[in-house]
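A quick write-up on the structure given underneath.
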Amino acid sequence: MADLFTPLSVGPFDLPHRVVMAPMTRNRAGDGNAPHTLNATYYQQRSDAAFIITEATQICPEGMGYPGTPGIHSNAQIDGWREVTDAVHEAGGRIILQMWHVGRISHPDLQPDGRDPVAPSAIQPAGEAMTLSGMKPFVTPRALEAAEIEDLVEQYRVAAKNADMAGFDGVEVHGANGYLLDQFTRDSTNARDDEYGGSVENRCRFPLAVTDAVVDVWGPERVGYRISPFQPYNDISDSDPVATFTYLATELAKRDLLYLHMVELGDTRGGGSFQDSRDPLFADLRNIWPNTLITNGGYDRAMSDAVIDAGLADMVAFGAPYLANPDLPERLLTGAAYNDQDRATFYGGAAAGYTDYSALGPALDPAPGQ
Ligand SMILES: Cc1cc2nc3c(=O)[nH]c(=O)nc-3n(C[C@H](O)[C@H](O)[C@H](O)COP(=O)(O)O)c2cc1C
């Protein structure tokens, strides 16, 4: 009977347990959107994770949608990330870069030369962008030309090479949470009538081309993909999410990736049964996806053990709990209480609420880095 602490061999990795640190934007990159020592300290403190998945990281300047998020498109950013990956490896951890383009979830204030953000279609999102001068309503984005989409695939390829130079152990393609790849995939944000819109095959063409470009650089055994089929976050939806994501997952499965990372629907926090809140897709996904499946969304220890024991997922990613507990695997193992989360310091600031959450004591023996 497997549980959260049953070791796991996946691709080139021998993992001591199945606790993953979920990607979390913390808006604390330094000058030029480059990571720096503070970020290296934060990630190193969390090196006991089976995998650290980094905060979302823009692949190009146009991919940015919030202040202070890191990039992976300049030499300074590569150097900054190298400091982070060295720190994590020194502590025995494994770190995967989440590759990001926000698409329409941006604002001219955050774009090069104040241009409009780009998207599959000129459909304005409801809500507000976080800019350097406060929250401002989202604007109507400019629809990408087909040639620009091909260009973006190449930008993802270059960013994947940069991630390799920065010393990561792998990369995760961010296909979730209403950002650019999700905007192509789901039909509320994609009204294109060319080969990138309309049918589900066409809507998945760009996300799959990005995946192929990244796999060219890394090999499939070091590439993951994140989806959130039912999440409405960032004003997005799909008229038939089961069909859309069944197709996408089936196509991704043909590529034999390291993992599929699923953000579940809704808030399952509070010790409920994972069965109460599961996505309609969840059980089927297990049949579609033969490789490692990471699930995420409000999990605690009991729910994690249950979902793994049921064979519905192989690993569980923890977001907010990991932010506030640098030694989360140890706390999950021993049942020790969590630190309180300070929501006021989630996004932006410096060390407070970032590197000053306390650990209990000596950490778990880290597994050898690889
Ligand atoms: C502060 C914060 C920042 C986040 N940033 C990202 C991100 O950069 N990329 C992403 O895919 N999800 C992001 N998420 C979502 C988390 O990865 C995760 O899906 C969510 O927190 C649910 O998991 P949890 O209930 O264990 O916290 C963020 C969540 C939080 C709390």
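Identifiers in this document derive from the order of the structure tokens: chains are assigned A, B, ..., residues are numbered from 1 separately in each chain, and ligands are numbered from 1 in order of occurrence.
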
All residues 7 Å or closer to stretch 176-193 of chain A, only C-alpha atoms, same chain fewer than 6 positions away omitted, as a ChimeraX atom specification: /A:101-103,105,119-121,123,203-204,207,226-228,231,233-234,236-239

Selected residues written out with C-alpha atoms, as a PDB file, in the first residue's frame:
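Done, and the output landed in out-v2.pdb:
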```
ATOM      1  CA  HIS A 101       3.641  33.373 -20.690  1.00  0.00           C
ATOM      2  CA  VAL A 102       0.660  35.252 -19.251  1.00  0.00           C
ATOM      3  CA  GLY A 103      -0.907  36.237 -22.593  1.00  0.00           C
ATOM      4  CA  ILE A 105      -3.351  38.560 -18.125  1.00  0.00           C
ATOM      5  CA  ALA A 119      -3.593  36.591 -26.731  1.00  0.00           C
ATOM      6  CA  PRO A 120      -5.194  34.071 -29.076  1.00  0.00           C
ATOM      7  CA  SER A 121      -8.114  36.473 -29.580  1.00  0.00           C
ATOM      8  CA  ILE A 123     -11.170  39.167 -25.766  1.00  0.00           C
ATOM      9  CA  ARG A 203      -6.833  24.828 -29.947  1.00  0.00           C
ATOM     10  CA  CYS A 204      -4.236  22.396 -28.614  1.00  0.00           C
ATOM     11  CA  PRO A 207       0.410  24.168 -26.520  1.00  0.00           C
ATOM     12  CA  ARG A 226       0.424  21.639 -15.718  1.00  0.00           C
ATOM     13  CA  ILE A 227      -3.331  21.824 -16.397  1.00  0.00           C
ATOM     14  CA  SER A 228      -6.343  23.184 -14.481  1.00  0.00           C
ATOM     15  CA  GLN A 231     -10.443  26.323 -12.668  1.00  0.00           C
ATOM     16  CA  TYR A 233      -9.228  31.676 -12.304  1.00  0.00           C
ATOM     17  CA  ASN A 234      -8.355  34.544 -14.687  1.00  0.00           C
ATOM     18  CA  ILE A 236     -11.567  31.432 -18.303  1.00  0.00           C
ATOM     19  CA  SER A 237     -13.814  28.466 -19.041  1.00  0.00           C
ATOM     20  CA  ASP A 238     -14.470  25.790 -21.606  1.00  0.00           C
ATOM     21  CA  SER A 239     -17.777  24.596 -23.021  1.00  0.00           C
TER      22      SER A 239
END
```

Given 8 Å and only C-alpha atoms and all ligand atoms, residues near ligand 1 as a VMD selection string: chain A and resid 22 to 26 54 to 57 98 174 176 to 177 226 263 to 264 267 to 269 296 to 299 317 to 323 346 to 347

Those selected residues, please, written with N, CA and C atoms and delivered as a compact mmCIF listing (two decimals), in the first residue's frame.
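Saved result, again-v7.txt, follows:
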```txt
# COMPACT_ATOMS: atom_id res chain seq x y z
N ALA A 22 4.48 23.08 -4.88
CA ALA A 22 3.74 23.63 -6.03
C ALA A 22 4.36 24.97 -6.45
N PRO A 23 4.21 25.32 -7.72
CA PRO A 23 4.74 26.61 -8.18
C PRO A 23 4.00 27.76 -7.50
N MET A 24 4.75 28.73 -7.00
CA MET A 24 4.13 29.89 -6.35
C MET A 24 4.86 31.19 -6.66
N THR A 25 4.13 32.08 -7.31
CA THR A 25 4.61 33.43 -7.60
C THR A 25 4.77 34.20 -6.29
N ARG A 26 5.94 34.79 -6.08
CA ARG A 26 6.18 35.52 -4.83
C ARG A 26 6.64 36.96 -5.08
N THR A 54 9.36 25.76 -9.45
CA THR A 54 9.55 27.18 -9.15
C THR A 54 8.28 27.97 -9.43
N GLU A 55 8.26 29.18 -8.92
CA GLU A 55 7.28 30.18 -9.31
C GLU A 55 7.27 30.30 -10.84
N ALA A 56 6.13 30.68 -11.39
CA ALA A 56 6.01 30.87 -12.83
C ALA A 56 7.04 31.91 -13.29
N THR A 57 7.67 31.62 -14.41
CA THR A 57 8.82 32.40 -14.88
C THR A 57 8.64 32.74 -16.36
N GLN A 98 9.12 26.42 -13.81
CA GLN A 98 7.82 26.55 -14.46
C GLN A 98 7.89 27.65 -15.54
N HIS A 174 3.76 25.61 -18.25
CA HIS A 174 2.58 26.12 -17.52
C HIS A 174 1.41 26.23 -18.48
N ALA A 176 -1.75 26.00 -17.29
CA ALA A 176 -2.90 26.11 -16.38
C ALA A 176 -3.29 27.56 -16.10
N ASN A 177 -4.33 27.71 -15.30
CA ASN A 177 -4.69 28.95 -14.61
C ASN A 177 -4.96 30.15 -15.51
N ARG A 226 1.45 21.35 -16.74
CA ARG A 226 0.42 21.64 -15.72
C ARG A 226 -0.90 22.06 -16.37
N VAL A 263 -4.19 20.71 -11.41
CA VAL A 263 -4.77 21.54 -10.35
C VAL A 263 -6.25 21.20 -10.30
N GLU A 264 -6.69 20.71 -9.16
CA GLU A 264 -8.09 20.30 -9.06
C GLU A 264 -9.01 21.50 -8.88
N ASP A 267 -11.90 24.42 -3.54
CA ASP A 267 -11.12 24.41 -2.32
C ASP A 267 -11.43 23.13 -1.56
N THR A 268 -10.48 22.22 -1.57
CA THR A 268 -10.68 20.96 -0.86
C THR A 268 -10.08 21.02 0.53
N ARG A 269 -9.58 22.19 0.89
CA ARG A 269 -8.94 22.34 2.18
C ARG A 269 -9.93 22.09 3.33
N ASN A 296 -3.05 18.38 -7.08
CA ASN A 296 -2.84 19.57 -6.25
C ASN A 296 -4.18 20.24 -5.96
N GLY A 297 -4.25 20.82 -4.78
CA GLY A 297 -5.41 21.63 -4.43
C GLY A 297 -5.98 21.28 -3.07
N GLY A 298 -5.47 21.92 -2.02
CA GLY A 298 -6.05 21.76 -0.70
C GLY A 298 -5.79 20.44 -0.03
N TYR A 299 -4.72 19.78 -0.38
CA TYR A 299 -4.44 18.46 0.20
C TYR A 299 -3.82 18.55 1.59
N ALA A 317 1.14 17.86 -4.86
CA ALA A 317 1.82 19.16 -4.73
C ALA A 317 1.09 20.00 -3.69
N PHE A 318 1.88 20.70 -2.89
CA PHE A 318 1.36 21.57 -1.83
C PHE A 318 1.79 23.00 -2.14
N GLY A 319 0.81 23.92 -2.14
CA GLY A 319 1.11 25.31 -2.41
C GLY A 319 1.27 26.09 -1.12
N ALA A 320 0.19 26.76 -0.70
CA ALA A 320 0.27 27.63 0.48
C ALA A 320 0.92 26.95 1.69
N PRO A 321 0.64 25.68 1.97
CA PRO A 321 1.32 25.09 3.14
C PRO A 321 2.83 25.08 2.99
N TYR A 322 3.33 24.95 1.76
CA TYR A 322 4.79 24.90 1.57
C TYR A 322 5.41 26.28 1.73
N LEU A 323 4.65 27.27 1.32
CA LEU A 323 5.13 28.65 1.45
C LEU A 323 5.43 28.95 2.94
N PHE A 346 2.28 37.28 0.85
CA PHE A 346 2.35 36.28 -0.24
C PHE A 346 3.05 36.88 -1.47
N TYR A 347 2.58 38.05 -1.87
CA TYR A 347 3.02 38.63 -3.15
C TYR A 347 3.82 39.90 -2.93
```

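Counting only C-alpha atoms, A:Ala163 has the following residues at most 8 Å away, ignoring those fewer than 6 positions along the same chain: Ile72, Ile78, Leu97 and Val171 of chain A.
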
Could you take the residues named above and write them with C-alpha atoms, as a PDB file, in the first residue's frame?
```pdb
ATOM      1  CA  ILE A  72      14.450  33.182 -18.106  1.00  0.00           C
ATOM      2  CA  ILE A  78      20.157  32.748 -16.142  1.00  0.00           C
ATOM      3  CA  LEU A  97      11.422  25.603 -13.691  1.00  0.00           C
ATOM      4  CA  VAL A 171      11.009  22.160 -16.756  1.00  0.00           C
TER       5      VAL A 171
END
```

For A:Asp164, the nearest of the candidates A:Gly11, A:Gly197, A:Gly224, A:Gly219, counting only C-alpha atoms: A:Gly219

Nearest to A:Leu248 by atom-to-atom distance, counting only C-alpha atoms, from A:Asp305, A:Asp151, A:Glu201, A:Asp116: A:Glu201

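Counting only C-alpha atoms, the residue from A:Asp340, A:Asp235, A:Glu251, A:Asp109 that sits nearest to A:Ala126 is A:Asp235.
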
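Proximity of A:Asp31, A:Asp3, A:Asp309, A:Asp113 to A:Pro67, computed with only C-alpha atoms, is greatest for A:Asp31.
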
Using DSSP on the backbone, list every residue of stretch 31-232 of chain A that comes out as strand (DSSP E), and give them as a PDB file with N, CA and C atoms, in the first residue's frame.
```pdb
ATOM      1  N   PHE A  51      10.172  17.262  -5.549  1.00  0.00           N
ATOM      2  CA  PHE A  51      10.498  18.258  -6.577  1.00  0.00           C
ATOM      3  C   PHE A  51      10.089  19.621  -6.044  1.00  0.00           C
ATOM      4  N   ILE A  52      10.965  20.609  -6.203  1.00  0.00           N
ATOM      5  CA  ILE A  52      10.523  22.003  -6.111  1.00  0.00           C
ATOM      6  C   ILE A  52      10.115  22.402  -7.513  1.00  0.00           C
ATOM      7  N   ILE A  53       8.895  22.901  -7.667  1.00  0.00           N
ATOM      8  CA  ILE A  53       8.541  23.539  -8.943  1.00  0.00           C
ATOM      9  C   ILE A  53       8.574  25.034  -8.672  1.00  0.00           C
ATOM     10  N   THR A  54       9.358  25.756  -9.446  1.00  0.00           N
ATOM     11  CA  THR A  54       9.548  27.178  -9.149  1.00  0.00           C
ATOM     12  C   THR A  54       8.278  27.970  -9.429  1.00  0.00           C
ATOM     13  N   GLU A  55       8.264  29.179  -8.920  1.00  0.00           N
ATOM     14  CA  GLU A  55       7.279  30.183  -9.310  1.00  0.00           C
ATOM     15  C   GLU A  55       7.271  30.302 -10.836  1.00  0.00           C
ATOM     16  N   ALA A  56       6.127  30.677 -11.390  1.00  0.00           N
ATOM     17  CA  ALA A  56       6.010  30.867 -12.830  1.00  0.00           C
ATOM     18  C   ALA A  56       7.035  31.906 -13.289  1.00  0.00           C
ATOM     19  N   THR A  57       7.675  31.618 -14.415  1.00  0.00           N
ATOM     20  CA  THR A  57       8.824  32.401 -14.882  1.00  0.00           C
ATOM     21  C   THR A  57       8.645  32.736 -16.357  1.00  0.00           C
ATOM     22  N   GLN A  58       8.605  34.044 -16.678  1.00  0.00           N
ATOM     23  CA  GLN A  58       8.274  34.420 -18.056  1.00  0.00           C
ATOM     24  C   GLN A  58       9.403  34.046 -19.020  1.00  0.00           C
ATOM     25  N   ILE A  95      15.069  20.702  -8.601  1.00  0.00           N
ATOM     26  CA  ILE A  95      14.292  21.917  -8.885  1.00  0.00           C
ATOM     27  C   ILE A  95      13.931  22.012 -10.366  1.00  0.00           C
ATOM     28  N   ILE A  96      12.650  22.254 -10.593  1.00  0.00           N
ATOM     29  CA  ILE A  96      12.067  22.281 -11.939  1.00  0.00           C
ATOM     30  C   ILE A  96      11.538  23.686 -12.203  1.00  0.00           C
ATOM     31  N   LEU A  97      11.853  24.236 -13.361  1.00  0.00           N
ATOM     32  CA  LEU A  97      11.422  25.603 -13.691  1.00  0.00           C
ATOM     33  C   LEU A  97      10.035  25.595 -14.328  1.00  0.00           C
ATOM     34  N   GLN A  98       9.124  26.421 -13.809  1.00  0.00           N
ATOM     35  CA  GLN A  98       7.823  26.555 -14.465  1.00  0.00           C
ATOM     36  C   GLN A  98       7.894  27.646 -15.536  1.00  0.00           C
ATOM     37  N   MET A  99       7.686  27.257 -16.786  1.00  0.00           N
ATOM     38  CA  MET A  99       7.820  28.159 -17.944  1.00  0.00           C
ATOM     39  C   MET A  99       6.471  28.799 -18.263  1.00  0.00           C
ATOM     40  N   TRP A 100       6.476  30.150 -18.377  1.00  0.00           N
ATOM     41  CA  TRP A 100       5.228  30.922 -18.311  1.00  0.00           C
ATOM     42  C   TRP A 100       5.161  32.009 -19.365  1.00  0.00           C
ATOM     43  N   VAL A 118      -0.699  40.342 -25.609  1.00  0.00           N
ATOM     44  CA  VAL A 118      -1.140  39.494 -26.730  1.00  0.00           C
ATOM     45  C   VAL A 118      -1.918  38.288 -26.211  1.00  0.00           C
ATOM     46  N   ALA A 119      -2.717  37.708 -27.104  1.00  0.00           N
ATOM     47  CA  ALA A 119      -3.593  36.591 -26.731  1.00  0.00           C
ATOM     48  C   ALA A 119      -4.027  35.875 -28.002  1.00  0.00           C
ATOM     49  N   GLU A 128      -8.779  42.812 -12.899  1.00  0.00           N
ATOM     50  CA  GLU A 128      -7.752  43.846 -12.868  1.00  0.00           C
ATOM     51  C   GLU A 128      -6.353  43.246 -12.857  1.00  0.00           C
ATOM     52  N   ALA A 129      -5.447  43.952 -13.493  1.00  0.00           N
ATOM     53  CA  ALA A 129      -4.037  43.555 -13.508  1.00  0.00           C
ATOM     54  C   ALA A 129      -3.318  44.212 -12.330  1.00  0.00           C
ATOM     55  N   MET A 130      -2.296  43.494 -11.832  1.00  0.00           N
ATOM     56  CA  MET A 130      -1.460  44.043 -10.757  1.00  0.00           C
ATOM     57  C   MET A 130      -0.304  44.785 -11.430  1.00  0.00           C
ATOM     58  N   THR A 131      -0.306  46.124 -11.376  1.00  0.00           N
ATOM     59  CA  THR A 131       0.773  46.886 -12.005  1.00  0.00           C
ATOM     60  C   THR A 131       1.629  47.532 -10.923  1.00  0.00           C
ATOM     61  N   GLY A 134      -0.401  49.956  -8.843  1.00  0.00           N
ATOM     62  CA  GLY A 134      -1.668  49.468  -8.296  1.00  0.00           C
ATOM     63  C   GLY A 134      -2.479  48.658  -9.292  1.00  0.00           C
ATOM     64  N   MET A 135      -3.680  48.266  -8.885  1.00  0.00           N
ATOM     65  CA  MET A 135      -4.541  47.433  -9.716  1.00  0.00           C
ATOM     66  C   MET A 135      -5.197  48.295 -10.798  1.00  0.00           C
ATOM     67  N   LYS A 136      -5.198  47.782 -12.034  1.00  0.00           N
ATOM     68  CA  LYS A 136      -5.829  48.507 -13.144  1.00  0.00           C
ATOM     69  C   LYS A 136      -6.634  47.511 -13.964  1.00  0.00           C
ATOM     70  N   PRO A 137      -7.770  47.948 -14.540  1.00  0.00           N
ATOM     71  CA  PRO A 137      -8.586  47.007 -15.318  1.00  0.00           C
ATOM     72  C   PRO A 137      -7.778  46.387 -16.459  1.00  0.00           C
ATOM     73  N   ARG A 142      -4.283  42.150 -27.973  1.00  0.00           N
ATOM     74  CA  ARG A 142      -4.150  42.048 -29.433  1.00  0.00           C
ATOM     75  C   ARG A 142      -4.025  40.565 -29.818  1.00  0.00           C
ATOM     76  N   ALA A 143      -4.819  40.147 -30.807  1.00  0.00           N
ATOM     77  CA  ALA A 143      -4.752  38.747 -31.246  1.00  0.00           C
ATOM     78  C   ALA A 143      -3.436  38.504 -31.985  1.00  0.00           C
ATOM     79  N   GLY A 170      14.792  20.011 -14.635  1.00  0.00           N
ATOM     80  CA  GLY A 170      13.727  19.785 -15.602  1.00  0.00           C
ATOM     81  C   GLY A 170      12.907  21.051 -15.729  1.00  0.00           C
ATOM     82  N   VAL A 171      11.887  21.001 -16.575  1.00  0.00           N
ATOM     83  CA  VAL A 171      11.009  22.160 -16.756  1.00  0.00           C
ATOM     84  C   VAL A 171       9.555  21.701 -16.750  1.00  0.00           C
ATOM     85  N   GLU A 172       8.691  22.609 -16.293  1.00  0.00           N
ATOM     86  CA  GLU A 172       7.248  22.374 -16.345  1.00  0.00           C
ATOM     87  C   GLU A 172       6.637  23.414 -17.265  1.00  0.00           C
ATOM     88  N   VAL A 173       5.910  22.967 -18.271  1.00  0.00           N
ATOM     89  CA  VAL A 173       5.196  23.882 -19.154  1.00  0.00           C
ATOM     90  C   VAL A 173       3.915  24.297 -18.432  1.00  0.00           C
ATOM     91  N   HIS A 174       3.756  25.611 -18.252  1.00  0.00           N
ATOM     92  CA  HIS A 174       2.584  26.120 -17.517  1.00  0.00           C
ATOM     93  C   HIS A 174       1.406  26.231 -18.482  1.00  0.00           C
ATOM     94  N   VAL A 223      10.441  16.776 -18.646  1.00  0.00           N
ATOM     95  CA  VAL A 223       9.438  17.802 -18.944  1.00  0.00           C
ATOM     96  C   VAL A 223       8.094  17.401 -18.330  1.00  0.00           C
ATOM     97  N   GLY A 224       7.507  18.324 -17.566  1.00  0.00           N
ATOM     98  CA  GLY A 224       6.156  18.142 -17.043  1.00  0.00           C
ATOM     99  C   GLY A 224       5.214  19.159 -17.677  1.00  0.00           C
ATOM    100  N   TYR A 225       3.912  18.962 -17.481  1.00  0.00           N
ATOM    101  CA  TYR A 225       2.911  19.883 -18.040  1.00  0.00           C
ATOM    102  C   TYR A 225       1.832  20.080 -16.992  1.00  0.00           C
ATOM    103  N   ARG A 226       1.452  21.352 -16.737  1.00  0.00           N
ATOM    104  CA  ARG A 226       0.424  21.639 -15.718  1.00  0.00           C
ATOM    105  C   ARG A 226      -0.898  22.064 -16.370  1.00  0.00           C
ATOM    106  N   ILE A 227      -1.987  21.469 -15.913  1.00  0.00           N
ATOM    107  CA  ILE A 227      -3.331  21.824 -16.397  1.00  0.00           C
ATOM    108  C   ILE A 227      -4.246  22.144 -15.213  1.00  0.00           C
TER     109      ILE A 227
END
```

Surrounding residues of A:Asn39 excluding itself and chain neighbours under 2 positions, 8 Å, only C-alpha atoms, as a PyMOL selection string: chain A and resi 28-29+35-37+41-43+84

For the selection just defined, write its residues with C-alpha atoms to a file, as an mmCIF file, in the first residue's frame.
```
data_model
loop_
_atom_site.group_PDB
_atom_site.id
_atom_site.type_symbol
_atom_site.label_atom_id
_atom_site.label_comp_id
_atom_site.auth_asym_id
_atom_site.auth_seq_id
_atom_site.Cartn_x
_atom_site.Cartn_y
_atom_site.Cartn_z
ATOM 1 C CA ARG A 28 10.527 39.060 -5.187
ATOM 2 C CA ALA A 29 12.890 38.906 -8.175
ATOM 3 C CA PRO A 35 16.550 35.960 -9.157
ATOM 4 C CA HIS A 36 19.035 36.822 -6.427
ATOM 5 C CA THR A 37 20.388 35.554 -3.117
ATOM 6 C CA THR A 41 17.748 31.103 0.336
ATOM 7 C CA TYR A 42 13.963 30.619 0.049
ATOM 8 C CA TYR A 43 14.243 27.700 -2.340
ATOM 9 C CA VAL A 84 19.175 29.255 -6.937
#
```

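The two atoms in question, atom CA of A:Val19 and atom CA of A:Ala49, are spaced 5.8 Å apart.
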
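Take atom CA of A:Ala50 and atom CA of A:Met21: the distance between them is 7.8 Å.
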
For A:Pro16: contacts at 8 Å, only C-alpha atoms, fewer than 3 positions along chain excluded, given as a PyMOL selection string: chain A and resi 5-8+50+367

Grab the residues selected above and save them as a PDB file, in the first residue's frame with N, CA and C atoms.
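Result written to result-v1.pdb:
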```pdb
ATOM      1  N   PHE A   5       4.678   8.859   1.643  1.00  0.00           N
ATOM      2  CA  PHE A   5       6.091   8.678   1.978  1.00  0.00           C
ATOM      3  C   PHE A   5       6.687   7.389   1.417  1.00  0.00           C
ATOM      4  N   THR A   6       6.032   6.828   0.428  1.00  0.00           N
ATOM      5  CA  THR A   6       6.601   5.688  -0.280  1.00  0.00           C
ATOM      6  C   THR A   6       7.562   6.239  -1.333  1.00  0.00           C
ATOM      7  N   PRO A   7       8.830   5.836  -1.318  1.00  0.00           N
ATOM      8  CA  PRO A   7       9.769   6.344  -2.329  1.00  0.00           C
ATOM      9  C   PRO A   7       9.270   6.039  -3.746  1.00  0.00           C
ATOM     10  N   LEU A   8       9.760   6.816  -4.687  1.00  0.00           N
ATOM     11  CA  LEU A   8       9.255   6.698  -6.062  1.00  0.00           C
ATOM     12  C   LEU A   8      10.408   6.957  -7.034  1.00  0.00           C
ATOM     13  N   ALA A  50      10.272  16.532  -2.859  1.00  0.00           N
ATOM     14  CA  ALA A  50      10.636  15.560  -3.897  1.00  0.00           C
ATOM     15  C   ALA A  50      11.015  16.327  -5.164  1.00  0.00           C
ATOM     16  N   ALA A 367      17.778  13.629  -0.102  1.00  0.00           N
ATOM     17  CA  ALA A 367      18.260  12.619  -1.043  1.00  0.00           C
ATOM     18  C   ALA A 367      19.359  13.222  -1.887  1.00  0.00           C
TER      19      ALA A 367
END
```

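Non-sequential neighbours of A:Ala324 (distance at most 10 Å, separation of 5 or more positions within a chain, only C-alpha atoms) are Gly319, Tyr338, Asn339, Asp340, Gln341, Asp342, Arg343, Phe346, Gly353, Tyr354, Thr355, Asp356, Tyr357, Ser358 and Ala359 of chain A.
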
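Going from atom CA of A:Glu150 over to atom CA of A:Arg104, you cover 17.8 Å.
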
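Among the candidate residues A:Tyr66, A:Trp218, A:Phe206, A:Phe282, the one lying nearest to A:Ala147 is A:Phe206, with distances computed using only C-alpha atoms.
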
DSSP alpha helix (DSSP H) residues within stretch 22-250 of chain A, listed as a VMD selection string: chain A and resid 37 to 45 75 to 90 146 to 165 180 to 185 200 to 203 205 to 218 241 to 250

Pick from A:Asp48, A:Asp14, A:Phe245, A:Ala283, whichever lies nearest to A:Arg331 using only C-alpha atoms: A:Asp48
